[in-house]
Each structure stands twice: as structure tokens, then as C-alpha cells.
Amino acid sequence: MIIKDGVAGAPATTGAREPAEHGAAAPRPWVWLGTFAAMATFLLLRSRFLFTTRLYESADPAANSILVVQAEHFTLLHGNYSREQFFHPGPAYLYLMAAGQWLLHDLTHLVPTAWNGQLIALLLLNSALMATVAWIAGGWARTAWAAVAAAAVILGWAAALSFGVPAPLNPEILASTWMPDVYVPTFLAFLVVSSSVAAGRTEHLWLLAVTGWLLIHGHVEFLFFVPVTVVAAAAGALWPARRAPWAAVRRFLRQRRRQWVPAAAVSAVFALPIAADLALHWPGEFGKYVSYARSARAGHHSVSQAAGYLLWYWVPGPSWLGLLVLVGFVGAALAVAVVVPFPAAAAGLRRFLLAALGIIAVTTAAMLYYAMRGVDDLSSHYIGFFYWSVPPLALLVVVTGLTAALPGRLVTRMVLAGAALLAVGAAAAAPGLSADVHDSEPALAPAMAALAARAPGRLIVLDVAPATSFDADGLVIQAERSGTRICLTGPYFWVFAATSQFICGPRQEATGVTYQLHQRPYTAPPGVPVIARLRYSVLTALRHSVPTALRHSVLTAQGRRRSGG
């Protein structure tokens, strides 16, 4: 929290902030609105098939949709699932997806299926986040062209990831419901807002709260990254008042209520579901986080291994190439921030650019530590996708500084316009800028209809084998939407993502009609009907018939030994 305003060496203020303080004019709302409209229009045009194509989600999107239905009923208190068999801290992203599903599908029927509405909600969220980045850059540079340059950097970087990262990793950072992708634009906005607060714009505290809490809700790793970054932003903001920091804090709390009260209110709203879930299920998911952190699965990697993991996000490939790009990007950003002269109108810009470089350093150090102590498998690059936000932040320092240093010149505007057109052209061609629907499985809806017809009114018990849970989650969400009763049985690791609501208990297993999912490739034995062939599995009737009384006694005995159900 800043407490002393103006550029370094200026006297502390004692009253309300004047527009000229911090060396940057307050960003104009039309810059944000214009950037949001442009980004949203571009992303929706790239994904216009969402308004006409029926999509049925499987895999992770289906597991998320199970939670989205709970969010529609305002009963969801935790986040999406982790392969470590816990749920992440909060449901904020899932409530946003629920809002899109309700508004665009359930209420207005603008899209043909529910998942389409979720996707559009995230496209709009990402547009808002990127507009915020451009708005802040334009405000500090005192020119709307800096906002144009920031938007071009974002689109260009997203296109570069789409073309340059191996396809199986699905780098659709602006157009996906896969959570590792979803965190990237939020983290970029969080870093930019943190830089702005560190440089003196305390009116952005509420944005810091929104983006920071969104991240914490999304993944447990941000319980580490967000506080570390916020502390760094606070240290930067307090730097001008370093000789009397506590007096400055007291003055800020007394004089700037209009800035910190909204941030506190935002924090209270975001903290509520996490606190409620913790109180209702103590120690709940947090107990599992602690258990994981203390286990042999967490971290235990060397510095060199962690450094290789970190450098991959600068350039996927050899570590030396990633290091070269890192040094080049950061070196160019440092040169612009320190050497380039800025006009008097943007006098505070240098502090913002240096604050951004400080945030880059802190985030990179935190990422190195996290790779050493928190990441279980360094081949799982998706865990650190959010760090993809750091290279474009370095580029933002460069383009924002150069744009401010050369204001109003025709050649500057021509170069920026050309760069923006090039970025838009690359983004228009990049597959990763169109909504990621590779997990759509059209056979799920007819498969569930067939199951419901075979067992009218009865509970369907779905026996899940390893590696078939992606289709199982898809069948569960189709059953929920169609009003068909269903539950899953099988190894807990493969069924827990469906939440306890859909995990069979012994009584359900004994009385329901059981069907089986077999991992593909699979050939059914003679006499066993194949109901559907899905992407990851083959759905069949129960292979062996067991007398009901015997099944009931066996399953009751099993129920005494299992923790779920």
C-alpha cells in the first residue's frame, strides 16, 4: 500500500489525491471499454461456432461442469479438482462459468448447449482482464497508443504460444476452460496491477484484491504466489516512506478509506466461501494441502532441475535458449526503464516500469523455489502455465516505455498500428485463439439417453475402470442435466472428481443397474451388449450377473473397508 505519493523525493500528501499525483493521469474509462470491446469481439468472432454448435464436454471440462451445476444452486464452496485428490481453495471461476451457462443457455438460449455458455463467460473474463492490463499501461504512459501496444503484445504472445508450444499441451491461454490456461491472463493482470500499486496507484488496490483472490480460488499454489507478490507490491509502495513506514501506513488508513475499503470488501466476499467450507469441513481441503506439502511427493528437486523447468516457459526447448531469451527480454526492459527519457507528462512512468521489473524478479524467484519444493513432477509443465505471464510483462515494459518516449509522432503511430495489425493477423491464424473444444464428445448425450431408456427411473451405477473417468464425468453431467440418477463406483482416484454427490455407496451399488466402462481398445465378449463407443472408453452392460442378495452382502462388507460413499 502506498503511503507517500508522487515521484521519489516528493513531499508526502496530506489530503485527497489530485489528478496529477503519481506522475500519471487517471486512465480514461473509454480506453478500458474500447479495449474490452475489441478483445471480446475478436475472441467471439474466432469462436463464433459456440453460438450454433452443440458441444458436450468430457474430461476436465465435464468435471468442472459438475461443480458449475452446484454453483448455479449457490451450494459450491470449493474449487476444481486436483489430481492430488483434493479440491482447490475456492469456486470463483466456477461461479463465473455458471453465470455464463445460466445467462446464455438456460435463460436466453443464445447458445445451444451449456458448455458453450461457460466458454463464452471465460472469453469475456479474459477480455476484461486484458483490457485492464492495457488500461493501466495507457494510464501510466499517458497515451492511448500504449494501450494499443499492450493489447498487441498480449495477442502476439498468445499466438506465439499457440504456434510454438507442443500441441498436446493445449496452450489456449485466452480461449479455454482448462484451468491451467485460465490462470494465465488472470496472473498477467495480477502482475500488472501489482506493479501499478507498487509504483503508487493505490486506487488499484481493489483490482489487486480481485485478481489475487481469483487466483487463490483457482489453485492452491497461489496461496504462495499471491501473498509473496502482494508483499513485494507493498514494499515498493512504501519505499518513498521507508524512513517512517508505520506512520505512513496509519496515514493511509486514515486518509484513503475510499481506496482500501473497497479492497477489503472484495477480499471479504472472496474469503467467505473458503472460510465457510473450512468451518463446515474442518480441516477440509486445507488439511490435505498441508499433508501434500509435508509428503515426499512435493518438490525435492535441485536448483538446476528447477531452473530448467522455469526456463522452459521463456522458450520451450533447451535451457540455454530459455536463458538467452530471459536475459534478452529483461535486459531490454531494464534498458528502457533506466535509460530512455520520458516526457514530463509521464514522469511517474519510470517508477511503474521499474516496479514491474521488481515484480518480475520476485515472481521468478518464487517460481524457482516452487519448482524446487512444490511441484511433484517437473515434466508436468501445465502446473506452471501461469508463469507464461512473465515474459509478456517484460515486453510490456519495453513497448510501454518506448511508446511514451515517442508520443505523437507519425512514425510512432505507424509502427504501433503495423505491430497491432501483425499481432491481430497472427492471432487470427493461431489455432489457440479459438475456443478449445477438443474435449467435446458428441456421443455422450445419446449414450446417456440409451442408458436412461434401458433402466427407466432406476439408479444407474457406472463401474469406472482406470483411464475411463474422462468419459465417466461426461456421462455424469449429461445425466444431471437430463434428470437421470447416476453414481460412479471404482478406484477412488478415478471417481473423486465427480464429488461425493456422485460416488456410489454400498446400498446404491447393490440396488442400482450397473454398467461398465472399459478402457479403449476393448472388444466385448460374446453376449455382452456394447451401448456406446466413446472417446476414451467402451460402455457395456454388466459383464457378469450376480444374484442381488449375494451382491448386497459382498458390497456391504466392502463398504466397511472404504472411506467414501
# chains A, B, ... in the order shown; residues from 1 in each chain; ligands from 1
$ residues_around --residues "range 28-33 of chain A" --least-positions-apart "3" --cutoff "7 Å" --atoms "only C-alpha atoms" --output "ChimeraX atom specification"
/A:36-37,131-132,135,144
$ select_by_dssp --residues "range 257-317 of chain A" --states "alpha helix (DSSP H)" --output "number ranges by chain"
A: 257-280, 284-294, 303-311
$ closest_residue --among "A:Trp388, A:Phe87, A:Trp102, A:Trp320" --to "His73 in chain A" --atoms "only C-alpha atoms"
A:Trp102
$ residues_around --residues "range 40-45 of chain A" --least-positions-apart "3" --cutoff "9 Å" --atoms "only C-alpha atoms" --output "PyMOL selection string"
chain A and resi 35-37+48-50+120+123-128+174-175+424+428+433-435
$ write_last_selection --atoms "C-alpha atoms" --output "PDB file, in the first residue's frame"
ATOM      1  CA  THR A  35     -10.010  -2.488 -25.471  1.00  0.00           C
ATOM      2  CA  PHE A  36     -12.558  -4.805 -23.889  1.00  0.00           C
ATOM      3  CA  ALA A  37     -14.939  -4.433 -26.816  1.00  0.00           C
ATOM      4  CA  ARG A  48     -18.473 -17.896 -33.340  1.00  0.00           C
ATOM      5  CA  PHE A  49     -19.284 -21.598 -33.684  1.00  0.00           C
ATOM      6  CA  LEU A  50     -20.169 -21.506 -29.970  1.00  0.00           C
ATOM      7  CA  ILE A 120     -18.145 -17.523 -23.613  1.00  0.00           C
ATOM      8  CA  LEU A 123     -13.754 -15.392 -23.159  1.00  0.00           C
ATOM      9  CA  LEU A 124     -15.407 -12.287 -21.717  1.00  0.00           C
ATOM     10  CA  LEU A 125     -13.473 -12.589 -18.448  1.00  0.00           C
ATOM     11  CA  ASN A 126     -10.182 -12.793 -20.327  1.00  0.00           C
ATOM     12  CA  SER A 127     -11.178  -9.814 -22.457  1.00  0.00           C
ATOM     13  CA  ALA A 128     -11.839  -7.819 -19.283  1.00  0.00           C
ATOM     14  CA  LEU A 174      -7.236 -16.843 -23.866  1.00  0.00           C
ATOM     15  CA  ALA A 175      -9.839 -19.320 -25.091  1.00  0.00           C
ATOM     16  CA  VAL A 424      -4.094  -9.450 -34.924  1.00  0.00           C
ATOM     17  CA  ALA A 428      -6.404 -14.720 -36.368  1.00  0.00           C
ATOM     18  CA  LEU A 433      -7.126 -18.178 -30.125  1.00  0.00           C
ATOM     19  CA  SER A 434     -10.252 -20.147 -30.985  1.00  0.00           C
ATOM     20  CA  ALA A 435     -12.200 -21.747 -28.141  1.00  0.00           C
TER      21      ALA A 435
END
$ residues_around --residues "Val390 in chain A" --least-positions-apart "2" --cutoff "12 Å" --atoms "only C-alpha atoms" --output "PyMOL selection string"
chain A and resi 154+157+184-192+310-311+313-314+326+329-330+356-365+367+384-388+392-397
$ write_last_selection --atoms "N, CA and C atoms" --output "compact mmCIF listing (two decimals), in the first residue's frame"
# COMPACT_ATOMS: atom_id res chain seq x y z
N ILE A 154 -0.18 -8.76 -25.98
CA ILE A 154 -0.94 -9.90 -25.44
C ILE A 154 -1.37 -10.84 -26.57
N TRP A 157 1.70 -12.58 -28.05
CA TRP A 157 2.24 -13.62 -27.18
C TRP A 157 1.34 -14.86 -27.18
N VAL A 184 -3.60 -18.01 -16.70
CA VAL A 184 -2.56 -17.19 -17.34
C VAL A 184 -2.98 -15.73 -17.47
N PRO A 185 -4.12 -15.40 -18.11
CA PRO A 185 -4.49 -13.98 -18.19
C PRO A 185 -4.76 -13.35 -16.84
N THR A 186 -5.29 -14.13 -15.89
CA THR A 186 -5.51 -13.57 -14.56
C THR A 186 -4.19 -13.21 -13.89
N PHE A 187 -3.20 -14.08 -14.04
CA PHE A 187 -1.91 -13.82 -13.41
C PHE A 187 -1.21 -12.64 -14.07
N LEU A 188 -1.35 -12.50 -15.38
CA LEU A 188 -0.76 -11.33 -16.04
C LEU A 188 -1.39 -10.05 -15.52
N ALA A 189 -2.72 -10.02 -15.43
CA ALA A 189 -3.39 -8.84 -14.90
C ALA A 189 -2.97 -8.58 -13.46
N PHE A 190 -2.83 -9.64 -12.67
CA PHE A 190 -2.40 -9.50 -11.28
C PHE A 190 -1.01 -8.89 -11.19
N LEU A 191 -0.09 -9.32 -12.04
CA LEU A 191 1.27 -8.78 -12.03
C LEU A 191 1.29 -7.31 -12.42
N VAL A 192 0.51 -6.95 -13.43
CA VAL A 192 0.47 -5.55 -13.88
C VAL A 192 -0.16 -4.67 -12.81
N LEU A 310 11.85 -23.68 -15.07
CA LEU A 310 11.46 -22.28 -15.20
C LEU A 310 11.79 -21.74 -16.59
N LEU A 311 12.96 -22.06 -17.10
CA LEU A 311 13.40 -21.50 -18.38
C LEU A 311 12.57 -22.03 -19.54
N TYR A 313 9.51 -21.94 -19.81
CA TYR A 313 8.40 -21.02 -20.07
C TYR A 313 8.84 -19.78 -20.85
N TRP A 314 10.14 -19.57 -20.95
CA TRP A 314 10.63 -18.49 -21.80
C TRP A 314 10.77 -18.97 -23.23
N LEU A 326 15.40 -14.98 -21.75
CA LEU A 326 15.15 -14.28 -20.48
C LEU A 326 16.08 -13.07 -20.34
N PHE A 329 15.07 -10.33 -22.95
CA PHE A 329 13.84 -9.62 -22.62
C PHE A 329 14.04 -8.69 -21.43
N VAL A 330 14.60 -9.24 -20.36
CA VAL A 330 14.76 -8.44 -19.14
C VAL A 330 15.80 -7.35 -19.34
N ALA A 356 7.53 -2.96 -12.23
CA ALA A 356 7.23 -4.18 -12.99
C ALA A 356 8.43 -5.10 -13.06
N LEU A 357 9.63 -4.53 -13.24
CA LEU A 357 10.84 -5.36 -13.25
C LEU A 357 11.07 -6.00 -11.89
N GLY A 358 10.77 -5.27 -10.82
CA GLY A 358 10.88 -5.85 -9.49
C GLY A 358 9.90 -7.00 -9.30
N ILE A 359 8.69 -6.82 -9.78
CA ILE A 359 7.69 -7.89 -9.68
C ILE A 359 8.13 -9.11 -10.49
N ILE A 360 8.73 -8.88 -11.67
CA ILE A 360 9.26 -9.99 -12.46
C ILE A 360 10.31 -10.76 -11.67
N ALA A 361 11.22 -10.02 -11.01
CA ALA A 361 12.28 -10.67 -10.24
C ALA A 361 11.70 -11.49 -9.09
N VAL A 362 10.75 -10.91 -8.37
CA VAL A 362 10.16 -11.62 -7.23
C VAL A 362 9.40 -12.86 -7.69
N THR A 363 8.61 -12.72 -8.76
CA THR A 363 7.84 -13.85 -9.26
C THR A 363 8.75 -14.96 -9.77
N THR A 364 9.85 -14.58 -10.42
CA THR A 364 10.78 -15.58 -10.93
C THR A 364 11.47 -16.33 -9.80
N ALA A 365 11.88 -15.59 -8.77
CA ALA A 365 12.48 -16.25 -7.60
C ALA A 365 11.48 -17.18 -6.93
N MET A 367 8.97 -18.66 -8.38
CA MET A 367 8.76 -19.80 -9.26
C MET A 367 9.89 -20.82 -9.13
N GLY A 384 2.81 -24.98 -14.17
CA GLY A 384 3.36 -23.63 -14.14
C GLY A 384 2.95 -22.76 -15.31
N PHE A 385 1.88 -23.12 -16.01
CA PHE A 385 1.45 -22.31 -17.16
C PHE A 385 1.31 -20.83 -16.79
N PHE A 386 0.89 -20.55 -15.57
CA PHE A 386 0.65 -19.16 -15.18
C PHE A 386 1.91 -18.31 -15.35
N TYR A 387 3.10 -18.93 -15.24
CA TYR A 387 4.35 -18.18 -15.37
C TYR A 387 4.56 -17.68 -16.80
N TRP A 388 3.79 -18.18 -17.75
CA TRP A 388 3.83 -17.62 -19.10
C TRP A 388 3.48 -16.14 -19.10
N PRO A 392 5.63 -11.79 -21.32
CA PRO A 392 4.93 -10.64 -21.90
C PRO A 392 4.96 -9.41 -21.00
N LEU A 393 5.10 -9.59 -19.68
CA LEU A 393 5.22 -8.42 -18.81
C LEU A 393 6.53 -7.68 -19.11
N ALA A 394 7.60 -8.43 -19.36
CA ALA A 394 8.86 -7.78 -19.76
C ALA A 394 8.69 -7.04 -21.08
N LEU A 395 7.97 -7.65 -22.02
CA LEU A 395 7.72 -6.96 -23.29
C LEU A 395 6.85 -5.73 -23.09
N LEU A 396 5.90 -5.80 -22.16
CA LEU A 396 5.06 -4.63 -21.88
C LEU A 396 5.89 -3.47 -21.35
N VAL A 397 6.90 -3.76 -20.55
CA VAL A 397 7.78 -2.70 -20.07
C VAL A 397 8.46 -2.02 -21.25
$ select_by_dssp --residues "range 484-519 of chain A" --states "strand (DSSP E)" --output "MDAnalysis selection string"
chainID A and resid 486:489 513:519
$ write_last_selection --atoms "all heavy atoms" --output "PDB file, in the first residue's frame"
ATOM      1  N   ILE A 486     -27.609 -41.183 -11.312  1.00  0.00           N
ATOM      2  CA  ILE A 486     -26.393 -41.915 -11.642  1.00  0.00           C
ATOM      3  C   ILE A 486     -25.393 -41.780 -10.511  1.00  0.00           C
ATOM      4  O   ILE A 486     -25.398 -40.789  -9.763  1.00  0.00           O
ATOM      5  CB  ILE A 486     -25.765 -41.380 -12.961  1.00  0.00           C
ATOM      6  CG1 ILE A 486     -24.653 -42.301 -13.461  1.00  0.00           C
ATOM      7  CG2 ILE A 486     -25.244 -39.967 -12.776  1.00  0.00           C
ATOM      8  CD1 ILE A 486     -24.142 -41.950 -14.854  1.00  0.00           C
ATOM      9  N   CYS A 487     -24.556 -42.808 -10.342  1.00  0.00           N
ATOM     10  CA  CYS A 487     -23.420 -42.712  -9.430  1.00  0.00           C
ATOM     11  C   CYS A 487     -22.287 -43.558  -9.996  1.00  0.00           C
ATOM     12  O   CYS A 487     -22.495 -44.416 -10.859  1.00  0.00           O
ATOM     13  CB  CYS A 487     -23.779 -43.147  -8.005  1.00  0.00           C
ATOM     14  SG  CYS A 487     -24.156 -44.908  -7.831  1.00  0.00           S
ATOM     15  N   LEU A 488     -21.071 -43.289  -9.510  1.00  0.00           N
ATOM     16  CA  LEU A 488     -19.871 -43.956 -10.012  1.00  0.00           C
ATOM     17  C   LEU A 488     -19.294 -44.863  -8.946  1.00  0.00           C
ATOM     18  O   LEU A 488     -19.290 -44.531  -7.752  1.00  0.00           O
ATOM     19  CB  LEU A 488     -18.813 -42.928 -10.416  1.00  0.00           C
ATOM     20  CG  LEU A 488     -19.227 -41.846 -11.408  1.00  0.00           C
ATOM     21  CD1 LEU A 488     -18.033 -40.934 -11.712  1.00  0.00           C
ATOM     22  CD2 LEU A 488     -19.766 -42.456 -12.691  1.00  0.00           C
ATOM     23  N   THR A 489     -18.762 -45.988  -9.380  1.00  0.00           N
ATOM     24  CA  THR A 489     -18.038 -46.875  -8.486  1.00  0.00           C
ATOM     25  C   THR A 489     -16.732 -47.263  -9.152  1.00  0.00           C
ATOM     26  O   THR A 489     -16.621 -47.275 -10.384  1.00  0.00           O
ATOM     27  CB  THR A 489     -18.861 -48.135  -8.154  1.00  0.00           C
ATOM     28  OG1 THR A 489     -18.150 -48.929  -7.200  1.00  0.00           O
ATOM     29  CG2 THR A 489     -19.133 -48.976  -9.393  1.00  0.00           C
ATOM     30  N   VAL A 513     -28.738 -50.309 -11.331  1.00  0.00           N
ATOM     31  CA  VAL A 513     -28.456 -51.068 -12.551  1.00  0.00           C
ATOM     32  C   VAL A 513     -27.045 -50.707 -13.003  1.00  0.00           C
ATOM     33  O   VAL A 513     -26.759 -49.554 -13.299  1.00  0.00           O
ATOM     34  CB  VAL A 513     -29.471 -50.731 -13.661  1.00  0.00           C
ATOM     35  CG1 VAL A 513     -29.187 -51.572 -14.903  1.00  0.00           C
ATOM     36  CG2 VAL A 513     -30.887 -50.965 -13.162  1.00  0.00           C
ATOM     37  N   THR A 514     -26.162 -51.716 -13.031  1.00  0.00           N
ATOM     38  CA  THR A 514     -24.743 -51.455 -13.242  1.00  0.00           C
ATOM     39  C   THR A 514     -24.357 -51.595 -14.712  1.00  0.00           C
ATOM     40  O   THR A 514     -24.738 -52.551 -15.391  1.00  0.00           O
ATOM     41  CB  THR A 514     -23.889 -52.407 -12.386  1.00  0.00           C
ATOM     42  OG1 THR A 514     -24.234 -52.232 -11.009  1.00  0.00           O
ATOM     43  CG2 THR A 514     -22.405 -52.126 -12.570  1.00  0.00           C
ATOM     44  N   TYR A 515     -23.572 -50.628 -15.154  1.00  0.00           N
ATOM     45  CA  TYR A 515     -22.952 -50.664 -16.479  1.00  0.00           C
ATOM     46  C   TYR A 515     -21.449 -50.437 -16.304  1.00  0.00           C
ATOM     47  O   TYR A 515     -21.010 -49.903 -15.281  1.00  0.00           O
ATOM     48  CB  TYR A 515     -23.558 -49.593 -17.390  1.00  0.00           C
ATOM     49  CG  TYR A 515     -25.029 -49.793 -17.627  1.00  0.00           C
ATOM     50  CD1 TYR A 515     -25.968 -49.209 -16.776  1.00  0.00           C
ATOM     51  CD2 TYR A 515     -25.487 -50.585 -18.671  1.00  0.00           C
ATOM     52  CE1 TYR A 515     -27.326 -49.402 -16.966  1.00  0.00           C
ATOM     53  CE2 TYR A 515     -26.844 -50.779 -18.871  1.00  0.00           C
ATOM     54  CZ  TYR A 515     -27.760 -50.186 -18.019  1.00  0.00           C
ATOM     55  OH  TYR A 515     -29.101 -50.400 -18.216  1.00  0.00           O
ATOM     56  N   GLN A 516     -20.677 -50.835 -17.297  1.00  0.00           N
ATOM     57  CA  GLN A 516     -19.230 -50.780 -17.166  1.00  0.00           C
ATOM     58  C   GLN A 516     -18.592 -49.931 -18.256  1.00  0.00           C
ATOM     59  O   GLN A 516     -19.051 -49.939 -19.408  1.00  0.00           O
ATOM     60  CB  GLN A 516     -18.638 -52.194 -17.228  1.00  0.00           C
ATOM     61  CG  GLN A 516     -18.969 -53.049 -16.004  1.00  0.00           C
ATOM     62  CD  GLN A 516     -18.332 -54.421 -16.094  1.00  0.00           C
ATOM     63  OE1 GLN A 516     -18.430 -55.093 -17.114  1.00  0.00           O
ATOM     64  NE2 GLN A 516     -17.683 -54.839 -15.021  1.00  0.00           N
ATOM     65  N   LEU A 517     -17.534 -49.223 -17.860  1.00  0.00           N
ATOM     66  CA  LEU A 517     -16.692 -48.505 -18.810  1.00  0.00           C
ATOM     67  C   LEU A 517     -15.362 -49.234 -18.913  1.00  0.00           C
ATOM     68  O   LEU A 517     -14.711 -49.495 -17.890  1.00  0.00           O
ATOM     69  CB  LEU A 517     -16.461 -47.064 -18.347  1.00  0.00           C
ATOM     70  CG  LEU A 517     -17.612 -46.079 -18.541  1.00  0.00           C
ATOM     71  CD1 LEU A 517     -17.272 -44.744 -17.888  1.00  0.00           C
ATOM     72  CD2 LEU A 517     -17.923 -45.867 -20.018  1.00  0.00           C
ATOM     73  N   HIS A 518     -14.964 -49.570 -20.137  1.00  0.00           N
ATOM     74  CA  HIS A 518     -13.709 -50.281 -20.377  1.00  0.00           C
ATOM     75  C   HIS A 518     -12.773 -49.387 -21.173  1.00  0.00           C
ATOM     76  O   HIS A 518     -13.191 -48.733 -22.136  1.00  0.00           O
ATOM     77  CB  HIS A 518     -13.962 -51.573 -21.160  1.00  0.00           C
ATOM     78  CG  HIS A 518     -15.030 -52.439 -20.574  1.00  0.00           C
ATOM     79  ND1 HIS A 518     -14.772 -53.430 -19.651  1.00  0.00           N
ATOM     80  CD2 HIS A 518     -16.378 -52.452 -20.786  1.00  0.00           C
ATOM     81  CE1 HIS A 518     -15.909 -54.023 -19.318  1.00  0.00           C
ATOM     82  NE2 HIS A 518     -16.898 -53.450 -19.985  1.00  0.00           N
ATOM     83  N   GLN A 519     -11.527 -49.376 -20.787  1.00  0.00           N
ATOM     84  CA  GLN A 519     -10.554 -48.553 -21.492  1.00  0.00           C
ATOM     85  C   GLN A 519     -10.362 -49.060 -22.919  1.00  0.00           C
ATOM     86  O   GLN A 519     -10.227 -50.260 -23.156  1.00  0.00           O
ATOM     87  CB  GLN A 519      -9.215 -48.569 -20.751  1.00  0.00           C
ATOM     88  CG  GLN A 519      -8.159 -47.669 -21.377  1.00  0.00           C
ATOM     89  CD  GLN A 519      -6.864 -47.689 -20.593  1.00  0.00           C
ATOM     90  OE1 GLN A 519      -6.786 -48.296 -19.530  1.00  0.00           O
ATOM     91  NE2 GLN A 519      -5.846 -47.016 -21.107  1.00  0.00           N
TER      92      GLN A 519
END
$ closest_residue --among "A:Met130, A:Ala472, A:Ala333, A:Ala452" --to "Ile503 in chain A" --atoms "only C-alpha atoms"
A:Ala472
$ atom_distance --atom1 "CA of Val538 in chain A" --atom2 "CA of Pro521 in chain A"
7.9 Å
$ residues_around --residues "Val303 in chain A" --least-positions-apart "4" --cutoff "9 Å" --atoms "only C-alpha atoms" --output "list in words"
Ala307, Gly308, Leu368, Tyr369, Ala371 and Met372 of chain A
$ write_last_selection --atoms "N, CA, C and O atoms" --output "PDB file, in the first residue's frame"
ATOM      1  N   ALA A 307      15.595 -24.725 -12.332  1.00  0.00           N
ATOM      2  CA  ALA A 307      15.923 -23.670 -13.296  1.00  0.00           C
ATOM      3  C   ALA A 307      15.553 -24.099 -14.709  1.00  0.00           C
ATOM      4  O   ALA A 307      15.027 -23.303 -15.499  1.00  0.00           O
ATOM      5  N   GLY A 308      15.811 -25.353 -15.046  1.00  0.00           N
ATOM      6  CA  GLY A 308      15.408 -25.853 -16.360  1.00  0.00           C
ATOM      7  C   GLY A 308      13.900 -25.807 -16.553  1.00  0.00           C
ATOM      8  O   GLY A 308      13.416 -25.472 -17.639  1.00  0.00           O
ATOM      9  N   LEU A 368      11.116 -20.334  -9.008  1.00  0.00           N
ATOM     10  CA  LEU A 368      12.253 -21.234  -8.827  1.00  0.00           C
ATOM     11  C   LEU A 368      12.106 -22.030  -7.534  1.00  0.00           C
ATOM     12  O   LEU A 368      12.304 -23.253  -7.510  1.00  0.00           O
ATOM     13  N   TYR A 369      11.724 -21.343  -6.470  1.00  0.00           N
ATOM     14  CA  TYR A 369      11.525 -22.026  -5.186  1.00  0.00           C
ATOM     15  C   TYR A 369      10.382 -23.034  -5.281  1.00  0.00           C
ATOM     16  O   TYR A 369      10.488 -24.163  -4.775  1.00  0.00           O
ATOM     17  N   ALA A 371       9.259 -24.593  -7.913  1.00  0.00           N
ATOM     18  CA  ALA A 371       9.663 -25.755  -8.704  1.00  0.00           C
ATOM     19  C   ALA A 371      10.523 -26.705  -7.881  1.00  0.00           C
ATOM     20  O   ALA A 371      10.456 -27.928  -8.059  1.00  0.00           O
ATOM     21  N   MET A 372      11.316 -26.153  -6.963  1.00  0.00           N
ATOM     22  CA  MET A 372      12.160 -26.998  -6.116  1.00  0.00           C
ATOM     23  C   MET A 372      11.366 -27.712  -5.036  1.00  0.00           C
ATOM     24  O   MET A 372      11.585 -28.896  -4.772  1.00  0.00           O
TER      25      MET A 372
END
$ closest_residue --among "A:Arg142, A:His204, A:Arg351, A:Arg533" --to "Ala405 in chain A" --atoms "only C-alpha atoms"
A:Arg142
$ atom_distance --atom1 "CA of Arg297 in chain A" --atom2 "CA of Leu378 in chain A"
11.6 Å
$ closest_residue --among "A:Phe86, A:Ala62, A:Gly401, A:Leu539" --to "Gly348 in chain A" --atoms "only C-alpha atoms"
A:Gly401
$ closest_residue --among "A:Gly156, A:Pro171, A:Pro240, A:Pro245" --to "Gly425 in chain A" --atoms "only C-alpha atoms"
A:Gly156
$ residues_around --residues "Ala159 in chain A" --least-positions-apart "4" --cutoff "7 Å" --atoms "only C-alpha atoms" --output "NGL selection string"
:A and (155 or 163 or 426-427 or 430 or 432)
$ closest_residue --among "A:Gly236, A:Pro168, A:Pro227, A:Pro61" --to "Leu215 in chain A" --atoms "only C-alpha atoms"
A:Pro227
